Amino acid sequence: MSFLRVGAIARRIAQQFRRDRRSLALLIVAPLAVLALLGYVIRDTKPLDTRLGIVNLAGPPGAAAASAVQVAAKLQGIPVVDVGTDEADARVAIRQDRADLVIVLPPEFTSSSRVVELITLGEAPTDDGARIQAVVGLVSQVGGQGSRPTIQRQTVYGSASATVLDTFAPALIGFFGFFFVFVLTGISFLRERIGGTLERLLATPVRRSEIVIGYSLGFGFFATVQVALILVFALGSINVPAIGPFGSFEIGLGIANAGSPVLAYLVIFLTAIGAVNLAIFLSTFASTELQIIEFIPLVIVPQGLLGGVFWSVHSLPDPLQAVARLLPLTYAIDGLRAVLIRASDLSSSDLQLDLAFLAGVAILFVLLAGATIRREIA
Amino acid sequence: MGVTNLPGGPPGLDSEPARPVIEADGLHKTFGTIRAVDGIDLSLTGGRIYGLLGPNGSGKTTLIRLLAGLARPSSGSISVLGTAMPSRPLLAKIGYMTQGEGLYAELSVWENLSFFAAMSGQRDPDALREILDIVELGDRRTAPVVELSGGMRRRLSLACALVHRPPVIFLDEPTVGVDPVLRYQFWDHFRGLAAAGATLLVSSHVMDEADRCDQLILIRAGRVLDMGTSDEVRRRAGTPDLESAFLKLSGIPGMDGSR
């Protein structure tokens with residue numbers, strides 16, 4: 001082994017880093033910035049507001065229990081809202097975002113056999129779990145002593161047995177729809193810029209808009225094919241019978257899906273168009289493939305942390321919530337949850353907002369991307 | 001290979017001065033403090049091959065990019081076929097072979113050619129086959145560019161620049177890495193294009209290619225040193241060959257014609 005050669009290779013890498021200050025800065029700053037953001041999010045995540053509704057269907061014994069819960073809630077500072085007088089009204093109240101959790105005292109409730117129903121939204125099991133934790137102390141107040149009441153959980157959407165996976169899936173689908181197409185387009189367009197093909201392309205009478213739309217269609221197609229496969233895998237479930245030594249097994253996650261796959265596809269397509277054009281725009285600011293990869297901690301990681309993949313946006317600290325509301329992935333994930341879990345259709349104002357924002361972002365990035373493809377600077 | 005008739009008319013009939021195909025007036029292009037093109041006037045007529053000669057970094061590529069509408073001059077004006085540049089629609093009538101490779105490495109020869117043909121508005125598959133035969137890549141249609149030699153890539157690059165049969169052709173060092181036999185055929189083809197009325201501006205720093213051009217434009221540091229036929233340039237410089245003429249015109253002492 002020649003130490004001269006080993007030393008020369010190590011020195012050359014140091015020289016390359018010295019020329020590429022951005023890589024060096026990122027190597028040092030990016031992990032700190034990401035950790036700081038993560039720390040901020042985790043430490044300062046707000047306790048969720050829980051607006052409590054109480055429905056008594058159990059007559060006088062229930063009424064006594066209901067007032068006991070109400071008093072206890074006041075003591076703990078949990079707001080109690082009017083959700084009507086039966087279970088259907090209560091579900092509407094939750095769906096319309098007037099209440100977060102409703103305690104129902106069912107007809108079979110008696111002071112000796114205490115059965116209590118808790119209804120939550122069922123969109124994010126982690127949020128529901130946190131809210132149930134917050135009221136479980138109140139529930140034990142529902143009259144009498146002795147054994148704790150039996151709690152039956154119900155949800156407005158999905159099922160009470162929904163796992164984290166069920167609600168995680170829409171978030172991951174949104175994330176993948178953005179992530180891969182961003183990286184692939186960025187590298188592909190950078191190669192056009194540095195490989196001389198963009199120069200040659202611009203020597204033809206091609207319009208900038210033709211390049212941008214062509215790229216959007218080309219990469220948008222593959223992004224949505226990818227997402228279609230993920231959707232099928234996530235929502236479907238195919239039983240493969242046993243063959244020879246292999247036992248039977250399931251392909252697909254079989255996640256409960258309430259909404260229209262076509263609308264989910266539309267959400268992802270708009271997201272992908274935005275990602276393609278953001279990548280074209282940012283490729284102007286990179287001169288090597290490495291520098292495209294370096295956009296990941298800048299563009300992808302904050303969206304992953306703040307966009308609602310792991311924590312719901314409304315539980316973030318206020319300043320970060322404001323940031324999250326500017327990120328396309330926030331709207332992509334909300335849109336996918338709206339479609340796949342809440343079964344929203346185009347009449348839902350939430351989904352309208354998500355689609356409008358994603359379309360607006362796509363248009364903005366198309367314009368930005370177009371502005372960076374100029375014959376003058378190619 | 002067919003070329004549409006040009007306003008310049010057939011070459012060599014000097015009874016009536018032909019209208020220039022490419023005109024540049026007081027052309028300047030600066031990048032920061034660097035004057036890449038520093039006051040160039042040109043008037044190039046149809047049916048001729050112009051050789052753009054100069055050392056590395058003399059401004060050849062910048063001048064070609066200005067004329068091809070890929071850069072905007074800092075000052076001065078350009079017109080090609082009577083249209084002020086830069087003009088996007090006119091690019092359909094310009095063929096530009098870049099100095100860099102400018103090919104999609106993972107695509108095949110045919111896929112590259114048909115892509116650039118589509119971009120230039122060439123829909124006729126016969127035109128693609130014809131130009132592939134001219135650059136002798138007809139039997140390599142399905143080969144991916146990564147598997148081609150450097151010379152083959154230059155040939156494909158040339159084919160992509162000429163596939164739409166442009167009347168105005170800019171070739172930036174087209175024969176680099178091309179073997180002598182094929183180089184001869186290239187120039188033969190250029191001559192054929194000029195005879196059909198096309199205007200060619202071919203850059204090179206290889207002086208032995210200069211004798212194949214009708215007119216030479218010698219540039220250095222963004223300025224024109226001399227312009228004329230090979231004979232005129234040598235006579236004015238008083239040197240036996242172009243290389244010496246070039247060195248003498250560049251004002252490099254002790255290098256004038258003594259070889």
# chains A, B, ... in the order shown; residues from 1 in each chain; ligands from 1

call {"tool": "interface_residues", "arguments": {"of": "chain A", "to": "chain B", "cutoff": "12 Å", "atoms": "only C-alpha atoms", "output": "list in words"}}
result
Ser188, Phe189, Arg191, Glu192, Arg193, Ile194, Gly195, Gly196, Thr197, Leu198, Glu199, Arg200, Leu201, Leu202, Ala203, Thr204, Pro205, Val206, Arg207, Arg208, Glu210, Ile211, Gly214, Ile373, Arg374, Arg375, Glu376, Ile377 and Ala378 of chain A

call {"tool": "select_by_dssp", "arguments": {"residues": "range 82-210 of chain A", "states": "strand (DSSP E or B)", "output": "short mmCIF file (atom, residue, chain, number, x, y, z; two decimals) with C-alpha atoms, in the first residue's frame"}}
result
data_model
loop_
_atom_site.label_atom_id
_atom_site.label_comp_id
_atom_site.auth_asym_id
_atom_site.auth_seq_id
_atom_site.Cartn_x
_atom_site.Cartn_y
_atom_site.Cartn_z
CA LEU A 101 -64.95 13.70 21.26
CA VAL A 102 -68.43 12.73 22.40
CA ILE A 103 -69.25 10.66 25.46
CA VAL A 104 -72.46 8.73 24.90
CA LEU A 105 -74.28 7.15 27.76
CA VAL A 115 -71.16 1.19 29.73
CA VAL A 116 -69.85 4.30 28.03
CA GLU A 117 -69.33 4.97 24.32
CA LEU A 118 -66.59 7.31 23.17
CA ILE A 119 -66.93 8.63 19.62
CA THR A 120 -63.97 10.22 17.88
CA THR A 150 -66.61 -0.29 30.31
CA ILE A 151 -65.52 1.90 27.44
CA GLN A 152 -66.66 1.18 23.89
CA ARG A 153 -64.86 3.13 21.20
CA GLN A 154 -66.49 4.28 18.02
CA THR A 155 -65.28 6.49 15.21
#

call {"tool": "select_by_dssp", "arguments": {"residues": "range 207-237 of chain B", "states": "alpha helix (DSSP H)", "output": "short mmCIF file (atom, residue, chain, number, x, y, z; two decimals) with N, CA and C atoms, in the first residue's frame"}}
result
data_model
loop_
_atom_site.label_atom_id
_atom_site.label_comp_id
_atom_site.auth_asym_id
_atom_site.auth_seq_id
_atom_site.Cartn_x
_atom_site.Cartn_y
_atom_site.Cartn_z
N SER B 230 -8.27 31.99 -48.33
CA SER B 230 -7.01 31.52 -47.78
C SER B 230 -5.83 32.24 -48.45
N ASP B 231 -5.90 32.37 -49.78
CA ASP B 231 -4.81 33.04 -50.52
C ASP B 231 -4.67 34.50 -50.09
N GLU B 232 -5.81 35.18 -49.99
CA GLU B 232 -5.77 36.60 -49.62
C GLU B 232 -5.16 36.79 -48.25
N VAL B 233 -5.55 35.91 -47.32
CA VAL B 233 -5.04 36.05 -45.95
C VAL B 233 -3.53 35.86 -45.92
N ARG B 234 -3.05 34.82 -46.63
CA ARG B 234 -1.61 34.57 -46.64
C ARG B 234 -0.86 35.70 -47.34
N ARG B 235 -1.44 36.21 -48.44
CA ARG B 235 -0.77 37.27 -49.18
C ARG B 235 -0.65 38.52 -48.32
N ARG B 236 -1.75 38.87 -47.65
CA ARG B 236 -1.73 40.07 -46.82
C ARG B 236 -0.73 39.94 -45.68
N ALA B 237 -0.65 38.70 -45.12
CA ALA B 237 0.28 38.51 -44.01
C ALA B 237 1.71 38.33 -44.51
#

call {"tool": "atom_distance", "arguments": {"atom1": "CA of Val135 in chain B", "atom2": "CA of Phe190 in chain B"}}
result
11.8 Å

call {"tool": "residues_around", "arguments": {"residues": "Pro328 in chain A", "least_positions_apart": "3", "cutoff": "12 Å", "atoms": "only C-alpha atoms", "output": "ChimeraX atom specification"}}
result
/A:174-175,177-179,267-268,270-275,278,299-300,302-304,306-308,323-325,331-335,353-362,364-365

call {"tool": "write_last_selection", "arguments": {"atoms": "C-alpha atoms", "output": "PDB file, in the first residue's frame"}}
result
ATOM      1  CA  GLY A 174     -48.292  11.846  -0.645  1.00  0.00           C
ATOM      2  CA  PHE A 175     -44.695  11.847   0.478  1.00  0.00           C
ATOM      3  CA  GLY A 177     -45.554  11.167  -4.826  1.00  0.00           C
ATOM      4  CA  PHE A 178     -43.496  14.245  -4.100  1.00  0.00           C
ATOM      5  CA  PHE A 179     -40.117  12.840  -3.155  1.00  0.00           C
ATOM      6  CA  VAL A 267     -54.370  15.011  -5.647  1.00  0.00           C
ATOM      7  CA  ILE A 268     -51.166  13.108  -6.361  1.00  0.00           C
ATOM      8  CA  LEU A 270     -51.166  17.918  -8.990  1.00  0.00           C
ATOM      9  CA  THR A 271     -48.562  17.294  -6.290  1.00  0.00           C
ATOM     10  CA  ALA A 272     -46.266  15.608  -8.790  1.00  0.00           C
ATOM     11  CA  ILE A 273     -46.593  18.446 -11.325  1.00  0.00           C
ATOM     12  CA  GLY A 274     -45.518  20.855  -8.598  1.00  0.00           C
ATOM     13  CA  ALA A 275     -42.584  18.614  -7.648  1.00  0.00           C
ATOM     14  CA  LEU A 278     -39.818  22.833  -8.482  1.00  0.00           C
ATOM     15  CA  VAL A 299     -36.942  20.648   0.369  1.00  0.00           C
ATOM     16  CA  ILE A 300     -38.023  17.187   1.404  1.00  0.00           C
ATOM     17  CA  PRO A 302     -39.020  19.948   6.362  1.00  0.00           C
ATOM     18  CA  GLN A 303     -42.091  18.862   4.434  1.00  0.00           C
ATOM     19  CA  GLY A 304     -41.775  15.373   5.885  1.00  0.00           C
ATOM     20  CA  LEU A 306     -44.170  19.474   9.159  1.00  0.00           C
ATOM     21  CA  GLY A 307     -46.527  18.261   6.463  1.00  0.00           C
ATOM     22  CA  GLY A 308     -48.525  15.940   8.673  1.00  0.00           C
ATOM     23  CA  VAL A 323     -44.801  27.295   7.858  1.00  0.00           C
ATOM     24  CA  ALA A 324     -46.643  24.015   7.385  1.00  0.00           C
ATOM     25  CA  ARG A 325     -49.549  25.853   5.791  1.00  0.00           C
ATOM     26  CA  TYR A 331     -52.178  19.938   1.376  1.00  0.00           C
ATOM     27  CA  ALA A 332     -51.361  16.746  -0.479  1.00  0.00           C
ATOM     28  CA  ILE A 333     -51.554  14.713   2.725  1.00  0.00           C
ATOM     29  CA  ASP A 334     -54.677  16.485   3.925  1.00  0.00           C
ATOM     30  CA  GLY A 335     -56.284  15.936   0.536  1.00  0.00           C
ATOM     31  CA  LEU A 353     -58.928  24.066  -0.622  1.00  0.00           C
ATOM     32  CA  ASP A 354     -56.362  21.262  -0.914  1.00  0.00           C
ATOM     33  CA  LEU A 355     -56.845  20.921  -4.659  1.00  0.00           C
ATOM     34  CA  ALA A 356     -56.861  24.669  -5.209  1.00  0.00           C
ATOM     35  CA  PHE A 357     -53.647  25.118  -3.232  1.00  0.00           C
ATOM     36  CA  LEU A 358     -51.896  22.241  -5.017  1.00  0.00           C
ATOM     37  CA  ALA A 359     -53.002  23.592  -8.390  1.00  0.00           C
ATOM     38  CA  GLY A 360     -51.779  27.054  -7.413  1.00  0.00           C
ATOM     39  CA  VAL A 361     -48.411  25.654  -6.333  1.00  0.00           C
ATOM     40  CA  ALA A 362     -48.139  23.687  -9.566  1.00  0.00           C
ATOM     41  CA  LEU A 364     -46.349  28.884  -9.586  1.00  0.00           C
ATOM     42  CA  PHE A 365     -43.587  26.299 -10.030  1.00  0.00           C
TER      43      PHE A 365
END

call {"tool": "residues_around", "arguments": {"residues": "Leu137 in chain B", "least_positions_apart": "5", "cutoff": "12 Å", "atoms": "only C-alpha atoms", "output": "PyMOL selection string"}}
result
chain B and resi 108-110+113+128-132+142-145+148-149+151-160+182

call {"tool": "write_last_selection", "arguments": {"atoms": "N, CA and C atoms", "output": "PDB file, in the first residue's frame"}}
result
ATOM      1  N   SER B 108     -30.879   5.406 -27.940  1.00  0.00           N
ATOM      2  CA  SER B 108     -30.189   4.864 -29.113  1.00  0.00           C
ATOM      3  C   SER B 108     -29.923   5.985 -30.125  1.00  0.00           C
ATOM      4  N   VAL B 109     -29.135   5.633 -31.131  1.00  0.00           N
ATOM      5  CA  VAL B 109     -28.837   6.563 -32.225  1.00  0.00           C
ATOM      6  C   VAL B 109     -30.132   7.084 -32.836  1.00  0.00           C
ATOM      7  N   TRP B 110     -31.021   6.150 -33.165  1.00  0.00           N
ATOM      8  CA  TRP B 110     -32.270   6.544 -33.837  1.00  0.00           C
ATOM      9  C   TRP B 110     -33.143   7.386 -32.918  1.00  0.00           C
ATOM     10  N   LEU B 113     -31.791  10.906 -32.762  1.00  0.00           N
ATOM     11  CA  LEU B 113     -32.024  11.622 -34.012  1.00  0.00           C
ATOM     12  C   LEU B 113     -33.499  11.986 -34.152  1.00  0.00           C
ATOM     13  N   LEU B 128     -34.429  11.294 -41.948  1.00  0.00           N
ATOM     14  CA  LEU B 128     -33.611  10.736 -40.865  1.00  0.00           C
ATOM     15  C   LEU B 128     -32.704   9.638 -41.408  1.00  0.00           C
ATOM     16  N   ARG B 129     -33.306   8.742 -42.229  1.00  0.00           N
ATOM     17  CA  ARG B 129     -32.503   7.645 -42.783  1.00  0.00           C
ATOM     18  C   ARG B 129     -31.393   8.190 -43.665  1.00  0.00           C
ATOM     19  N   GLU B 130     -31.714   9.224 -44.455  1.00  0.00           N
ATOM     20  CA  GLU B 130     -30.729   9.782 -45.379  1.00  0.00           C
ATOM     21  C   GLU B 130     -29.532  10.359 -44.617  1.00  0.00           C
ATOM     22  N   ILE B 131     -29.804  11.142 -43.576  1.00  0.00           N
ATOM     23  CA  ILE B 131     -28.686  11.775 -42.877  1.00  0.00           C
ATOM     24  C   ILE B 131     -27.883  10.727 -42.098  1.00  0.00           C
ATOM     25  N   LEU B 132     -28.558   9.665 -41.619  1.00  0.00           N
ATOM     26  CA  LEU B 132     -27.819   8.600 -40.933  1.00  0.00           C
ATOM     27  C   LEU B 132     -26.863   7.899 -41.884  1.00  0.00           C
ATOM     28  N   THR B 142     -29.814   1.138 -33.668  1.00  0.00           N
ATOM     29  CA  THR B 142     -30.361   0.724 -32.372  1.00  0.00           C
ATOM     30  C   THR B 142     -29.327   0.776 -31.258  1.00  0.00           C
ATOM     31  N   ALA B 143     -28.071   1.147 -31.604  1.00  0.00           N
ATOM     32  CA  ALA B 143     -27.023   1.169 -30.577  1.00  0.00           C
ATOM     33  C   ALA B 143     -27.234   2.345 -29.637  1.00  0.00           C
ATOM     34  N   PRO B 144     -27.178   2.116 -28.324  1.00  0.00           N
ATOM     35  CA  PRO B 144     -27.251   3.266 -27.403  1.00  0.00           C
ATOM     36  C   PRO B 144     -25.991   4.114 -27.512  1.00  0.00           C
ATOM     37  N   VAL B 145     -26.154   5.406 -27.298  1.00  0.00           N
ATOM     38  CA  VAL B 145     -25.034   6.332 -27.477  1.00  0.00           C
ATOM     39  C   VAL B 145     -23.858   5.987 -26.563  1.00  0.00           C
ATOM     40  N   LEU B 148     -21.186   4.068 -28.258  1.00  0.00           N
ATOM     41  CA  LEU B 148     -20.524   4.601 -29.449  1.00  0.00           C
ATOM     42  C   LEU B 148     -19.154   5.160 -29.100  1.00  0.00           C
ATOM     43  N   SER B 149     -18.257   5.108 -30.083  1.00  0.00           N
ATOM     44  CA  SER B 149     -16.955   5.758 -29.911  1.00  0.00           C
ATOM     45  C   SER B 149     -17.121   7.269 -30.013  1.00  0.00           C
ATOM     46  N   GLY B 151     -15.782   9.367 -32.070  1.00  0.00           N
ATOM     47  CA  GLY B 151     -16.000   9.804 -33.445  1.00  0.00           C
ATOM     48  C   GLY B 151     -17.428   9.560 -33.898  1.00  0.00           C
ATOM     49  N   MET B 152     -17.987   8.407 -33.500  1.00  0.00           N
ATOM     50  CA  MET B 152     -19.376   8.108 -33.872  1.00  0.00           C
ATOM     51  C   MET B 152     -20.325   9.105 -33.238  1.00  0.00           C
ATOM     52  N   ARG B 153     -20.009   9.511 -32.006  1.00  0.00           N
ATOM     53  CA  ARG B 153     -20.880  10.488 -31.347  1.00  0.00           C
ATOM     54  C   ARG B 153     -20.850  11.825 -32.077  1.00  0.00           C
ATOM     55  N   ARG B 154     -19.658  12.209 -32.554  1.00  0.00           N
ATOM     56  CA  ARG B 154     -19.572  13.458 -33.324  1.00  0.00           C
ATOM     57  C   ARG B 154     -20.430  13.344 -34.577  1.00  0.00           C
ATOM     58  N   ARG B 155     -20.385  12.169 -35.200  1.00  0.00           N
ATOM     59  CA  ARG B 155     -21.163  11.980 -36.433  1.00  0.00           C
ATOM     60  C   ARG B 155     -22.653  12.066 -36.142  1.00  0.00           C
ATOM     61  N   LEU B 156     -23.081  11.441 -35.033  1.00  0.00           N
ATOM     62  CA  LEU B 156     -24.501  11.510 -34.677  1.00  0.00           C
ATOM     63  C   LEU B 156     -24.889  12.950 -34.340  1.00  0.00           C
ATOM     64  N   SER B 157     -23.961  13.626 -33.657  1.00  0.00           N
ATOM     65  CA  SER B 157     -24.206  15.021 -33.292  1.00  0.00           C
ATOM     66  C   SER B 157     -24.415  15.874 -34.553  1.00  0.00           C
ATOM     67  N   LEU B 158     -23.586  15.617 -35.566  1.00  0.00           N
ATOM     68  CA  LEU B 158     -23.735  16.340 -36.834  1.00  0.00           C
ATOM     69  C   LEU B 158     -25.078  16.011 -37.477  1.00  0.00           C
ATOM     70  N   ALA B 159     -25.427  14.730 -37.459  1.00  0.00           N
ATOM     71  CA  ALA B 159     -26.697  14.311 -38.065  1.00  0.00           C
ATOM     72  C   ALA B 159     -27.868  15.028 -37.394  1.00  0.00           C
ATOM     73  N   CYS B 160     -27.812  15.156 -36.048  1.00  0.00           N
ATOM     74  CA  CYS B 160     -28.903  15.824 -35.318  1.00  0.00           C
ATOM     75  C   CYS B 160     -29.007  17.295 -35.715  1.00  0.00           C
ATOM     76  N   LEU B 182     -13.177   9.989 -42.675  1.00  0.00           N
ATOM     77  CA  LEU B 182     -14.514  10.516 -42.446  1.00  0.00           C
ATOM     78  C   LEU B 182     -14.504  12.038 -42.478  1.00  0.00           C
TER      79      LEU B 182
END

call {"tool": "residues_around", "arguments": {"residues": "Arg131 in chain A", "least_positions_apart": "2", "cutoff": "8 Å", "atoms": "only C-alpha atoms", "output": "MDAnalysis selection string"}}
result
chainID A and resid 48 50 101 127:129 133:135

call {"tool": "write_last_selection", "arguments": {"atoms": "N, CA, C and O atoms", "output": "PDB file, in the first residue's frame"}}
result
ATOM      1  N   LEU A  48     -53.509  18.615  22.412  1.00  0.00           N
ATOM      2  CA  LEU A  48     -54.639  18.853  21.528  1.00  0.00           C
ATOM      3  C   LEU A  48     -55.813  19.420  22.298  1.00  0.00           C
ATOM      4  O   LEU A  48     -56.087  18.999  23.432  1.00  0.00           O
ATOM      5  N   THR A  50     -59.525  19.520  23.202  1.00  0.00           N
ATOM      6  CA  THR A  50     -60.583  18.521  23.131  1.00  0.00           C
ATOM      7  C   THR A  50     -61.895  19.203  23.470  1.00  0.00           C
ATOM      8  O   THR A  50     -62.104  19.645  24.600  1.00  0.00           O
ATOM      9  N   LEU A 101     -64.697  14.983  20.621  1.00  0.00           N
ATOM     10  CA  LEU A 101     -64.953  13.696  21.258  1.00  0.00           C
ATOM     11  C   LEU A 101     -66.311  13.770  21.934  1.00  0.00           C
ATOM     12  O   LEU A 101     -66.650  14.782  22.558  1.00  0.00           O
ATOM     13  N   ASP A 127     -54.065  11.163  17.281  1.00  0.00           N
ATOM     14  CA  ASP A 127     -54.821  12.277  17.865  1.00  0.00           C
ATOM     15  C   ASP A 127     -55.961  11.751  18.733  1.00  0.00           C
ATOM     16  O   ASP A 127     -56.188  12.222  19.849  1.00  0.00           O
ATOM     17  N   ASP A 128     -56.689  10.765  18.205  1.00  0.00           N
ATOM     18  CA  ASP A 128     -57.817  10.206  18.953  1.00  0.00           C
ATOM     19  C   ASP A 128     -57.329   9.623  20.276  1.00  0.00           C
ATOM     20  O   ASP A 128     -57.959   9.833  21.329  1.00  0.00           O
ATOM     21  N   GLY A 129     -56.214   8.892  20.185  1.00  0.00           N
ATOM     22  CA  GLY A 129     -55.679   8.271  21.395  1.00  0.00           C
ATOM     23  C   GLY A 129     -55.351   9.311  22.446  1.00  0.00           C
ATOM     24  O   GLY A 129     -55.667   9.163  23.629  1.00  0.00           O
ATOM     25  N   GLN A 133     -57.086   9.704  26.115  1.00  0.00           N
ATOM     26  CA  GLN A 133     -56.277   9.804  27.337  1.00  0.00           C
ATOM     27  C   GLN A 133     -56.744  10.983  28.197  1.00  0.00           C
ATOM     28  O   GLN A 133     -56.835  10.889  29.419  1.00  0.00           O
ATOM     29  N   ALA A 134     -57.043  12.094  27.516  1.00  0.00           N
ATOM     30  CA  ALA A 134     -57.392  13.315  28.246  1.00  0.00           C
ATOM     31  C   ALA A 134     -58.738  13.189  28.958  1.00  0.00           C
ATOM     32  O   ALA A 134     -58.948  13.830  29.988  1.00  0.00           O
ATOM     33  N   VAL A 135     -59.658  12.373  28.438  1.00  0.00           N
ATOM     34  CA  VAL A 135     -60.987  12.320  29.051  1.00  0.00           C
ATOM     35  C   VAL A 135     -61.204  11.050  29.856  1.00  0.00           C
ATOM     36  O   VAL A 135     -62.238  10.914  30.517  1.00  0.00           O
TER      37      VAL A 135
END

call {"tool": "residues_around", "arguments": {"residues": "range 224-226 of chain B", "least_positions_apart": "4", "cutoff": "9 Å", "atoms": "only C-alpha atoms", "output": "mmCIF file with N, CA, C and O atoms, in the first residue's frame"}}
result
data_model
loop_
_atom_site.group_PDB
_atom_site.id
_atom_site.type_symbol
_atom_site.label_atom_id
_atom_site.label_comp_id
_atom_site.auth_asym_id
_atom_site.auth_seq_id
_atom_site.Cartn_x
_atom_site.Cartn_y
_atom_site.Cartn_z
ATOM 1 N N ASP B 38 -15.790 41.347 -29.185
ATOM 2 C CA ASP B 38 -15.412 42.736 -28.915
ATOM 3 C C ASP B 38 -15.448 43.562 -30.192
ATOM 4 O O ASP B 38 -14.420 44.019 -30.677
ATOM 5 N N GLY B 39 -16.643 43.694 -30.754
ATOM 6 C CA GLY B 39 -16.790 44.532 -31.934
ATOM 7 C C GLY B 39 -16.568 43.769 -33.222
ATOM 8 O O GLY B 39 -15.522 43.912 -33.863
ATOM 9 N N ILE B 40 -17.532 42.948 -33.607
ATOM 10 C CA ILE B 40 -17.387 42.160 -34.840
ATOM 11 C C ILE B 40 -18.500 42.539 -35.809
ATOM 12 O O ILE B 40 -19.671 42.629 -35.440
ATOM 13 N N ASP B 41 -18.110 42.806 -37.063
ATOM 14 C CA ASP B 41 -19.079 43.028 -38.140
ATOM 15 C C ASP B 41 -18.909 41.886 -39.129
ATOM 16 O O ASP B 41 -17.778 41.546 -39.499
ATOM 17 N N LEU B 216 -12.355 32.820 -45.025
ATOM 18 C CA LEU B 216 -11.877 32.602 -43.661
ATOM 19 C C LEU B 216 -12.153 33.839 -42.812
ATOM 20 O O LEU B 216 -12.081 34.963 -43.311
ATOM 21 N N ILE B 217 -12.485 33.574 -41.568
ATOM 22 C CA ILE B 217 -12.611 34.666 -40.612
ATOM 23 C C ILE B 217 -11.666 34.321 -39.472
ATOM 24 O O ILE B 217 -11.880 33.346 -38.763
ATOM 25 N N LEU B 218 -10.605 35.092 -39.333
ATOM 26 C CA LEU B 218 -9.634 34.828 -38.283
ATOM 27 C C LEU B 218 -9.961 35.709 -37.088
ATOM 28 O O LEU B 218 -10.000 36.939 -37.222
ATOM 29 N N ILE B 219 -10.234 35.085 -35.935
ATOM 30 C CA ILE B 219 -10.506 35.930 -34.775
ATOM 31 C C ILE B 219 -9.562 35.587 -33.629
ATOM 32 O O ILE B 219 -9.017 34.493 -33.535
ATOM 33 N N ARG B 220 -9.395 36.602 -32.810
ATOM 34 C CA ARG B 220 -8.554 36.449 -31.633
ATOM 35 C C ARG B 220 -9.022 37.472 -30.615
ATOM 36 O O ARG B 220 -9.270 38.633 -30.974
ATOM 37 N N VAL B 233 -5.545 35.914 -47.316
ATOM 38 C CA VAL B 233 -5.044 36.050 -45.951
ATOM 39 C C VAL B 233 -3.529 35.857 -45.916
ATOM 40 O O VAL B 233 -2.798 36.634 -45.310
ATOM 41 N N ARG B 236 -1.752 38.870 -47.651
ATOM 42 C CA ARG B 236 -1.726 40.074 -46.820
ATOM 43 C C ARG B 236 -0.730 39.940 -45.675
ATOM 44 O O ARG B 236 -0.082 40.894 -45.276
ATOM 45 N N PHE B 246 -1.523 33.414 -39.214
ATOM 46 C CA PHE B 246 -2.309 33.639 -38.018
ATOM 47 C C PHE B 246 -1.434 34.161 -36.887
ATOM 48 O O PHE B 246 -1.772 35.129 -36.197
ATOM 49 N N LEU B 249 -0.445 37.747 -37.649
ATOM 50 C CA LEU B 249 -1.545 38.679 -37.436
ATOM 51 C C LEU B 249 -1.832 38.860 -35.947
ATOM 52 O O LEU B 249 -2.295 39.910 -35.514
ATOM 53 N N SER B 250 -1.575 37.797 -35.166
ATOM 54 C CA SER B 250 -1.791 37.895 -33.733
ATOM 55 C C SER B 250 -0.759 38.790 -33.073
ATOM 56 O O SER B 250 -0.885 39.126 -31.899
#

call {"tool": "residues_around", "arguments": {"residues": "Ser43 in chain B", "least_positions_apart": "4", "cutoff": "6 Å", "atoms": "only C-alpha atoms", "output": "list in words"}}
result
Pro20, Ile22 and Glu23 of chain B

call {"tool": "atom_distance", "arguments": {"atom1": "CA of Leu107 in chain B", "atom2": "CA of Val146 in chain B"}}
result
8.3 Å
